[in-house]
$ cat final.cif   # mmCIF, C-alpha atoms and all ligand atoms
data_structure
loop_
_atom_site.label_atom_id
_atom_site.label_comp_id
_atom_site.auth_asym_id
_atom_site.auth_seq_id
_atom_site.Cartn_x
_atom_site.Cartn_y
_atom_site.Cartn_z
CA MET A 29 -12.79 8.98 25.17
CA ARG A 30 -11.26 10.38 22.00
CA ARG A 31 -13.36 10.20 18.84
CA PHE A 32 -11.40 9.05 15.81
CA GLU A 33 -12.60 10.45 12.53
CA ASP A 34 -11.00 10.13 9.12
CA SER A 35 -12.55 13.01 7.15
CA TYR A 36 -12.33 13.91 3.46
CA GLN A 37 -9.91 16.64 4.47
CA HIS A 38 -7.59 14.10 6.13
CA LYS A 39 -7.83 11.82 3.10
CA GLY A 40 -6.97 14.72 0.79
CA LEU A 41 -3.95 15.71 2.86
CA ARG A 42 -2.83 12.08 2.86
CA LYS A 43 -3.00 11.94 -0.92
CA GLN A 44 -0.82 15.06 -1.10
CA LEU A 45 1.67 13.44 1.27
CA VAL A 46 1.81 10.33 -0.94
CA ASN A 47 2.48 12.53 -3.98
CA LEU A 48 5.29 14.26 -2.09
CA LEU A 49 6.83 10.89 -1.16
CA ARG A 50 6.66 9.91 -4.83
CA GLU A 51 8.46 13.14 -5.78
CA LYS A 52 11.09 12.38 -3.16
CA GLY A 53 11.80 9.06 -4.86
CA ILE A 54 9.62 6.41 -3.21
CA ILE A 55 8.51 4.04 -5.99
CA ASP A 56 7.17 0.95 -4.19
CA GLU A 57 3.41 1.25 -4.85
CA ASN A 58 2.60 -1.15 -2.01
CA VAL A 59 4.34 1.19 0.42
CA LEU A 60 2.56 4.24 -1.03
CA ASP A 61 -0.82 2.43 -0.91
CA ALA A 62 -0.30 1.56 2.75
CA ILE A 63 0.55 5.16 3.65
CA ASN A 64 -2.43 6.36 1.64
CA SER A 65 -4.80 4.12 3.57
CA ILE A 66 -3.56 4.62 7.15
CA PRO A 67 -4.87 7.66 9.07
CA ARG A 68 -1.58 8.94 10.55
CA HIS A 69 -3.45 11.51 12.63
CA PHE A 70 -4.86 8.64 14.73
CA PHE A 71 -1.32 7.94 15.95
CA LEU A 72 -0.76 11.47 17.24
CA ASP A 73 -2.20 13.63 19.97
CA SER A 74 -5.32 15.39 18.63
CA ALA A 75 -3.42 18.70 18.93
CA PHE A 76 -1.48 17.63 15.82
CA ASP A 77 -4.60 16.79 13.81
CA LYS A 78 -4.16 19.56 11.23
CA ILE A 79 -0.45 18.99 10.65
CA ALA A 80 -0.31 15.20 10.87
CA TYR A 81 0.28 14.90 7.12
CA GLU A 82 3.29 17.17 6.95
CA ASP A 83 6.43 15.23 6.15
CA ARG A 84 7.96 15.58 9.61
CA ALA A 85 8.46 13.74 12.88
CA PHE A 86 6.29 14.58 15.93
CA PRO A 87 6.66 13.97 19.67
CA ILE A 88 4.70 10.99 21.06
CA GLY A 89 5.69 11.31 24.74
CA GLU A 90 8.56 9.91 26.83
CA GLY A 91 10.97 11.96 24.70
CA GLN A 92 10.22 9.77 21.67
CA THR A 93 8.95 10.55 18.19
CA ILE A 94 6.84 9.12 15.39
CA SER A 95 9.23 8.91 12.43
CA GLN A 96 8.89 11.26 9.46
CA PRO A 97 6.71 9.68 6.71
CA TYR A 98 9.61 9.83 4.24
CA THR A 99 11.76 7.85 6.68
CA VAL A 100 8.99 5.27 7.22
CA ALA A 101 8.47 4.93 3.46
CA TYR A 102 12.23 4.73 2.81
CA GLN A 103 12.90 2.00 5.38
CA THR A 104 9.82 0.03 4.34
CA GLN A 105 10.81 0.21 0.67
CA LEU A 106 14.29 -1.12 1.51
CA LEU A 107 12.70 -4.10 3.29
CA GLN A 108 11.00 -5.25 0.03
CA ILE A 109 8.02 -6.64 1.94
CA ASN A 110 6.24 -9.71 0.59
CA LYS A 111 2.85 -10.84 1.91
CA GLY A 112 3.32 -13.11 4.91
CA ASP A 113 6.89 -11.94 5.68
CA LYS A 114 7.79 -12.34 9.33
CA VAL A 115 9.19 -8.96 10.36
CA LEU A 116 10.83 -7.88 13.62
CA GLU A 117 10.66 -4.16 14.42
CA ILE A 118 12.82 -2.54 17.11
CA GLY A 119 11.13 0.59 18.53
CA THR A 120 7.32 0.34 18.48
CA GLY A 121 6.86 4.01 19.44
CA SER A 122 3.49 5.18 18.07
CA VAL A 123 2.89 1.87 16.17
CA TYR A 124 2.71 3.78 12.87
CA GLN A 125 5.63 1.95 11.19
CA ALA A 126 4.31 -1.40 12.46
CA THR A 127 0.89 -0.56 11.00
CA VAL A 128 2.39 0.23 7.59
CA LEU A 129 4.05 -3.21 7.62
CA ALA A 130 0.84 -4.89 8.83
CA GLU A 131 -1.23 -3.15 6.14
CA MET A 132 1.22 -4.72 3.62
CA GLN A 133 0.27 -8.09 5.16
CA ALA A 134 3.52 -8.75 6.96
CA ARG A 135 3.44 -10.61 10.28
CA VAL A 136 4.89 -8.00 12.61
CA TYR A 137 6.70 -8.57 15.93
CA THR A 138 7.46 -5.20 17.49
CA ILE A 139 9.55 -4.46 20.60
CA GLU A 140 9.49 -1.30 22.75
CA ARG A 141 11.85 -0.64 25.69
CA GLN A 142 9.81 2.17 27.28
CA LYS A 143 7.23 0.63 29.61
CA LYS A 144 4.89 3.65 29.36
CA LEU A 145 4.75 3.52 25.57
CA TYR A 146 4.28 -0.25 25.65
CA GLU A 147 1.40 0.10 28.14
CA HIS A 148 -0.12 2.98 26.15
CA ASN A 149 -0.14 0.78 23.04
CA LYS A 150 -2.47 -1.70 24.73
CA GLN A 151 -5.18 0.84 23.83
CA PHE A 152 -3.92 1.08 20.24
CA VAL A 153 -6.88 2.16 18.11
CA PHE A 154 -6.30 -0.57 15.49
CA ARG A 155 -5.62 -3.43 17.92
CA ASN A 156 -8.50 -5.47 16.42
CA LYS A 157 -7.98 -4.40 12.81
CA TYR A 158 -4.38 -5.67 12.75
CA PRO A 159 -4.12 -8.97 14.63
CA ASN A 160 -0.91 -9.48 12.62
CA ILE A 161 0.96 -7.07 14.96
CA LYS A 162 2.36 -8.69 18.12
CA PHE A 163 3.61 -6.32 20.86
CA PHE A 164 6.58 -6.99 23.16
CA TYR A 165 8.16 -5.06 26.02
CA GLY A 166 11.92 -5.62 25.98
CA ASP A 167 15.36 -4.63 24.80
CA GLY A 168 15.69 -4.60 21.04
CA PHE A 169 19.41 -5.41 21.23
CA GLU A 170 18.31 -8.88 22.35
CA GLY A 171 15.67 -9.32 19.65
CA LEU A 172 13.13 -12.12 20.12
CA PRO A 173 15.07 -15.41 20.02
CA ALA A 174 11.92 -17.42 20.83
CA TYR A 175 10.27 -16.19 17.59
CA ALA A 176 13.33 -16.25 15.31
CA PRO A 177 14.21 -16.54 12.51
CA PHE A 178 12.74 -13.49 10.76
CA ASP A 179 12.54 -12.69 7.05
CA LYS A 180 13.23 -9.01 7.74
CA ILE A 181 14.31 -6.84 10.68
CA ILE A 182 13.86 -3.06 10.91
CA ILE A 183 15.39 -0.79 13.54
CA THR A 184 13.64 2.55 13.99
CA ALA A 185 16.15 4.15 16.40
CA ALA A 186 19.78 5.25 15.89
CA ALA A 187 21.92 2.16 16.45
CA PRO A 188 25.47 2.58 17.82
CA TYR A 189 26.52 -0.58 15.93
CA ILE A 190 24.94 -3.56 14.12
CA PRO A 191 23.58 -5.78 16.94
CA PRO A 192 25.02 -9.29 16.37
CA LYS A 193 22.07 -10.99 18.07
CA LEU A 194 19.72 -9.45 15.50
CA VAL A 195 21.83 -10.67 12.59
CA ALA A 196 21.74 -14.12 14.20
CA GLN A 197 17.90 -13.97 14.20
CA LEU A 198 17.67 -13.31 10.44
CA LYS A 199 16.88 -16.01 7.90
CA ILE A 200 19.45 -16.65 5.18
CA GLY A 201 18.52 -14.23 2.39
CA GLY A 202 16.86 -11.91 4.93
CA TYR A 203 17.38 -8.15 5.29
CA LEU A 204 18.20 -5.96 8.28
CA VAL A 205 17.44 -2.27 7.65
CA ILE A 206 19.25 -0.17 10.25
CA PRO A 207 20.29 3.48 10.73
CA VAL A 208 23.82 3.36 12.20
CA ASP A 209 25.54 6.27 13.98
CA GLU A 210 28.37 8.05 12.22
CA GLU A 211 30.87 10.38 13.89
CA ASP A 212 28.99 13.55 12.94
CA GLY A 213 25.87 12.49 14.90
CA ARG A 214 23.83 11.56 11.84
CA GLN A 215 22.89 8.01 10.89
CA ARG A 216 23.61 6.21 7.69
CA MET A 217 20.84 3.88 6.51
CA LEU A 218 22.27 0.42 5.87
CA ARG A 219 20.73 -2.72 4.46
CA ILE A 220 22.47 -5.86 5.66
CA THR A 221 21.76 -9.08 3.74
CA LYS A 222 22.46 -12.37 5.42
CA VAL A 223 23.96 -14.38 2.57
CA ALA A 224 25.04 -17.43 4.61
CA GLU A 225 25.02 -18.52 8.26
CA ASN A 226 28.21 -16.55 8.95
CA ALA A 227 28.31 -14.03 6.13
CA THR A 228 26.59 -10.74 5.38
CA THR A 229 26.81 -8.07 2.70
CA GLU A 230 26.13 -4.40 3.29
CA GLU A 231 24.60 -1.63 1.16
CA CYS A 232 24.76 2.06 2.17
CA PHE A 233 21.96 4.56 1.58
CA GLU A 234 21.00 8.10 2.68
CA TYR A 235 21.63 9.90 5.98
CA PHE A 236 18.82 10.26 8.54
CA SER A 237 18.31 11.52 12.07
CA PHE A 238 16.74 9.20 14.67
CA VAL A 239 16.30 9.15 18.46
CA PRO A 240 18.93 6.85 20.03
CA MET A 241 18.62 3.09 20.38
CA LEU A 242 19.26 2.59 24.11
CA GLN A 243 20.44 -0.47 26.02
CA GLY A 244 18.11 -2.28 28.43
CA LYS A 245 14.48 -1.75 29.39
CA ASN A 246 13.06 1.41 30.97
CA GLY A 247 10.31 1.11 33.59
N1 LIG B 1 8.65 3.01 14.82
C1 LIG B 1 8.23 4.14 15.63
C2 LIG B 1 9.36 5.15 15.80
C3 LIG B 1 9.59 5.41 17.25
S1 LIG B 1 11.05 6.29 17.70
C4 LIG B 1 6.98 4.79 15.07
O1 LIG B 1 6.55 4.42 13.98
O2 LIG B 1 6.40 5.65 15.74
C5 LIG B 1 12.07 4.98 18.30
C6 LIG B 1 11.51 4.11 19.40
O3 LIG B 1 12.53 3.14 19.71
C7 LIG B 1 11.22 4.82 20.72
O4 LIG B 1 9.90 4.56 21.10
C8 LIG B 1 12.24 4.24 21.69
O5 LIG B 1 11.74 4.13 23.03
C9 LIG B 1 12.49 2.86 21.10
N2 LIG B 1 13.75 2.23 21.46
C10 LIG B 1 14.97 2.79 21.63
N3 LIG B 1 15.90 1.86 21.96
C11 LIG B 1 15.23 0.65 22.00
C12 LIG B 1 15.63 -0.69 22.30
N4 LIG B 1 16.87 -1.01 22.65
N5 LIG B 1 14.68 -1.65 22.23
C13 LIG B 1 13.39 -1.35 21.90
N6 LIG B 1 12.96 -0.10 21.63
C14 LIG B 1 13.86 0.89 21.67
#

$ encode --input "final.cif" --output "structure tokens" --more "lines below"
Ligand code: SAH
Amino acid sequence: MRRFEDSYQHKGLRKQLVNLLREKGIIDENVLDAINSIPRHFFLDSAFDKIAYEDRAFPIGEGQTISQPYTVAYQTQLLQINKGDKVLEIGTGSVYQATVLAEMQARVYTIERQKKLYEHNKQFVFRNKYPNIKFFYGDGFEGLPAYAPFDKIIITAAAPYIPPKLVAQLKIGGYLVIPVDEEDGRQRMLRITKVAENATTEECFEYFSFVPMLQGKNG
């Protein structure tokens, strides 16, 4: 059984990471507080313990990655999380992004299409600490119609297009934060606002690089 320890050294490295995110332009103090309080090294294989607070993505198995902290902070900031927001996340992965949202007191519904990652997350170290995260095995393109509508939706994989079923599951006034493929292989971060039942507006932000959002379930 792995022993999880959050030492002074880890806390110090985390503070440095938060300062770096601030320098890179993250200004939402609630986002920075959440990152400062969550031991990211718990979400990674212990081999990454010493480098867990570098601003980079790491492998988490099944060819997937835990997103770079800057990316997590950037997407979370765009969501403008309020306490109690009902948030749908596509791509549970390591559960780090979901934990940031849960720490900010959102009610998180997270979907993963890889059976192995979904099963692995049943042993998630913070399962009891964050009862406000609900885990689902399924295809994110379908969303969770039984739990809709959502205040916010976040996609943490490279989407080939804006999934219409997800827009349908947003509340009026809600946001969808989504990295969408461009021709050069990068993704453009978009924030879609649902302004009326059949109308959305779109804002464009920076370019990022994500693993692909894939159709259907695996496993
Ligand atoms: N939010 C994660 C990032 C994981 S990387 C974290 O904080 O660690 C993206 C994840 O999206 C991968 O685990 C991948 O399996 C998953 N994914 C890709 N396409 C998906 C889909 N259609 N539905 C649900 N999950 C999907």

$ residues_around --input "final.cif" --residues "Arg216 in chain A" --least-positions-apart "4" --cutoff "9 Å" --atoms "only C-alpha atoms" --output "PyMOL selection string"
chain A and resi 206-210+232-237

$ write_last_selection --input "final.cif" --atoms "C-alpha atoms" --output "PDB file, in the coordinates of the input"
ATOM      1  CA  ILE A 206      19.250  -0.170  10.250  1.00  0.00           C
ATOM      2  CA  PRO A 207      20.290   3.480  10.730  1.00  0.00           C
ATOM      3  CA  VAL A 208      23.820   3.360  12.200  1.00  0.00           C
ATOM      4  CA  ASP A 209      25.540   6.270  13.980  1.00  0.00           C
ATOM      5  CA  GLU A 210      28.370   8.050  12.220  1.00  0.00           C
ATOM      6  CA  CYS A 232      24.760   2.060   2.170  1.00  0.00           C
ATOM      7  CA  PHE A 233      21.960   4.560   1.580  1.00  0.00           C
ATOM      8  CA  GLU A 234      21.000   8.100   2.680  1.00  0.00           C
ATOM      9  CA  TYR A 235      21.630   9.900   5.980  1.00  0.00           C
ATOM     10  CA  PHE A 236      18.820  10.260   8.540  1.00  0.00           C
ATOM     11  CA  SER A 237      18.310  11.520  12.070  1.00  0.00           C
TER      12      SER A 237
END

$ closest_atom_pairs --input "final.cif" --of "chain A" --to "ligand LIG 1 (chain B)" --cutoff "9 Å" --atoms "all atoms listed in the file" --output "CSV"
residue,atom,partner,partner_atom,distance
A:Phe71,CA,B:LIG1,O2,8.1
A:Ala85,CA,B:LIG1,O2,8.8
A:Phe86,CA,B:LIG1,O2,8.9
A:Ile88,CA,B:LIG1,O2,7.7
A:Gly89,CA,B:LIG1,O4,8.7
A:Glu90,CA,B:LIG1,O5,7.6
A:Gly91,CA,B:LIG1,O5,8.0
A:Gln92,CA,B:LIG1,C7,5.1
A:Thr93,CA,B:LIG1,S1,4.8
A:Ile94,CA,B:LIG1,O2,3.5
A:Ser95,CA,B:LIG1,C2,5.1
A:Gln96,CA,B:LIG1,O1,8.5
A:Pro97,CA,B:LIG1,O1,9.0
A:Val100,CA,B:LIG1,O1,7.2
A:Glu117,CA,B:LIG1,N1,7.5
A:Ile118,CA,B:LIG1,C13,5.0
A:Gly119,CA,B:LIG1,O3,3.1
A:Thr120,CA,B:LIG1,N1,4.7
A:Gly121,CA,B:LIG1,O4,3.5
A:Ser122,CA,B:LIG1,O2,3.8
A:Val123,CA,B:LIG1,O1,5.0
A:Tyr124,CA,B:LIG1,O1,4.0
A:Gln125,CA,B:LIG1,O1,3.8
A:Ala126,CA,B:LIG1,O1,6.4
A:Thr127,CA,B:LIG1,O1,8.1
A:Val128,CA,B:LIG1,O1,8.7
A:Thr138,CA,B:LIG1,C13,8.3
A:Ile139,CA,B:LIG1,C13,5.1
A:Glu140,CA,B:LIG1,N6,3.8
A:Arg141,CA,B:LIG1,C13,4.2
A:Gln142,CA,B:LIG1,O5,5.1
A:Lys143,CA,B:LIG1,O5,8.7
A:Leu145,CA,B:LIG1,O4,6.9
A:Tyr146,CA,B:LIG1,O4,8.7
A:Phe164,CA,B:LIG1,C13,8.9
A:Tyr165,CA,B:LIG1,C13,7.6
A:Gly166,CA,B:LIG1,C13,6.1
A:Asp167,CA,B:LIG1,N5,4.0
A:Gly168,CA,B:LIG1,N5,3.3
A:Phe169,CA,B:LIG1,N4,5.3
A:Glu170,CA,B:LIG1,N4,8.0
A:Gly171,CA,B:LIG1,N5,8.2
A:Ile182,CA,B:LIG1,N1,8.9
A:Ile183,CA,B:LIG1,N1,7.8
A:Thr184,CA,B:LIG1,N1,5.1
A:Ala185,CA,B:LIG1,C5,4.6
A:Ala186,CA,B:LIG1,C10,7.9
A:Ala187,CA,B:LIG1,N3,8.2
A:Phe238,CA,B:LIG1,S1,7.1
A:Val239,CA,B:LIG1,C5,5.9
A:Pro240,CA,B:LIG1,C10,5.9
A:Met241,CA,B:LIG1,N3,3.4
A:Leu242,CA,B:LIG1,N3,4.1
A:Gln243,CA,B:LIG1,N4,4.9
A:Gly244,CA,B:LIG1,N4,6.0
A:Lys245,CA,B:LIG1,N5,7.2
A:Asn246,CA,B:LIG1,O5,8.5

$ closest_residue --input "final.cif" --among "A:Ser65, A:Ser74, A:Asn226, A:Asn47" --to "Arg31 in chain A" --atoms "only C-alpha atoms"
A:Ser74

$ closest_residue --input "final.cif" --among "A:Arg84, A:Lys180, A:Arg42, A:Arg30" --to "Gln105 in chain A" --atoms "all atoms listed in the file"
A:Lys180

$ atom_distance --input "final.cif" --atom1 "CA of Gln151 in chain A" --atom2 "CA of Leu194 in chain A"
28.2 Å

$ residues_near_point --input "final.cif" --point "(1.5, -4.0, 7.2)" --cutoff "12 Å" --atoms "only C-alpha atoms" --output "PyMOL selection string"
chain A and resi 58-63+65-66+100-101+104+107-117+123-138+154+157-162

$ closest_residue --input "final.cif" --among "A:Leu198, A:Ile190, A:Ala75, A:Leu218" --to "Leu106 in chain A" --atoms "all atoms listed in the file"
A:Leu218

$ closest_residue --input "final.cif" --among "A:Pro87, A:Pro188, A:Pro177, A:Gly213" --to "Gly201 in chain A" --atoms "only C-alpha atoms"
A:Pro177

$ residues_around --input "final.cif" --residues "Arg50 in chain A" --least-positions-apart "5" --cutoff "10 Å" --atoms "all atoms listed in the file" --output "number ranges by chain"
A: 44-45, 55-57, 60, 98, 101

$ residues_around --input "final.cif" --residues "Ile220 in chain A" --least-positions-apart "6" --cutoff "6 Å" --atoms "only C-alpha atoms" --output "ChimeraX atom specification"
/A:203-204,229-230

$ atom_distance --input "final.cif" --atom1 "CA of Lys39 in chain A" --atom2 "CA of His69 in chain A"
10.5 Å

$ atom_distance --input "final.cif" --atom1 "CA of Lys199 in chain A" --atom2 "CA of Arg155 in chain A"
27.7 Å

$ closest_residue --input "final.cif" --among "A:Val153, A:Lys78, A:Glu51, A:His148" --to "Phe32 in chain A" --atoms "all atoms listed in the file"
A:Val153
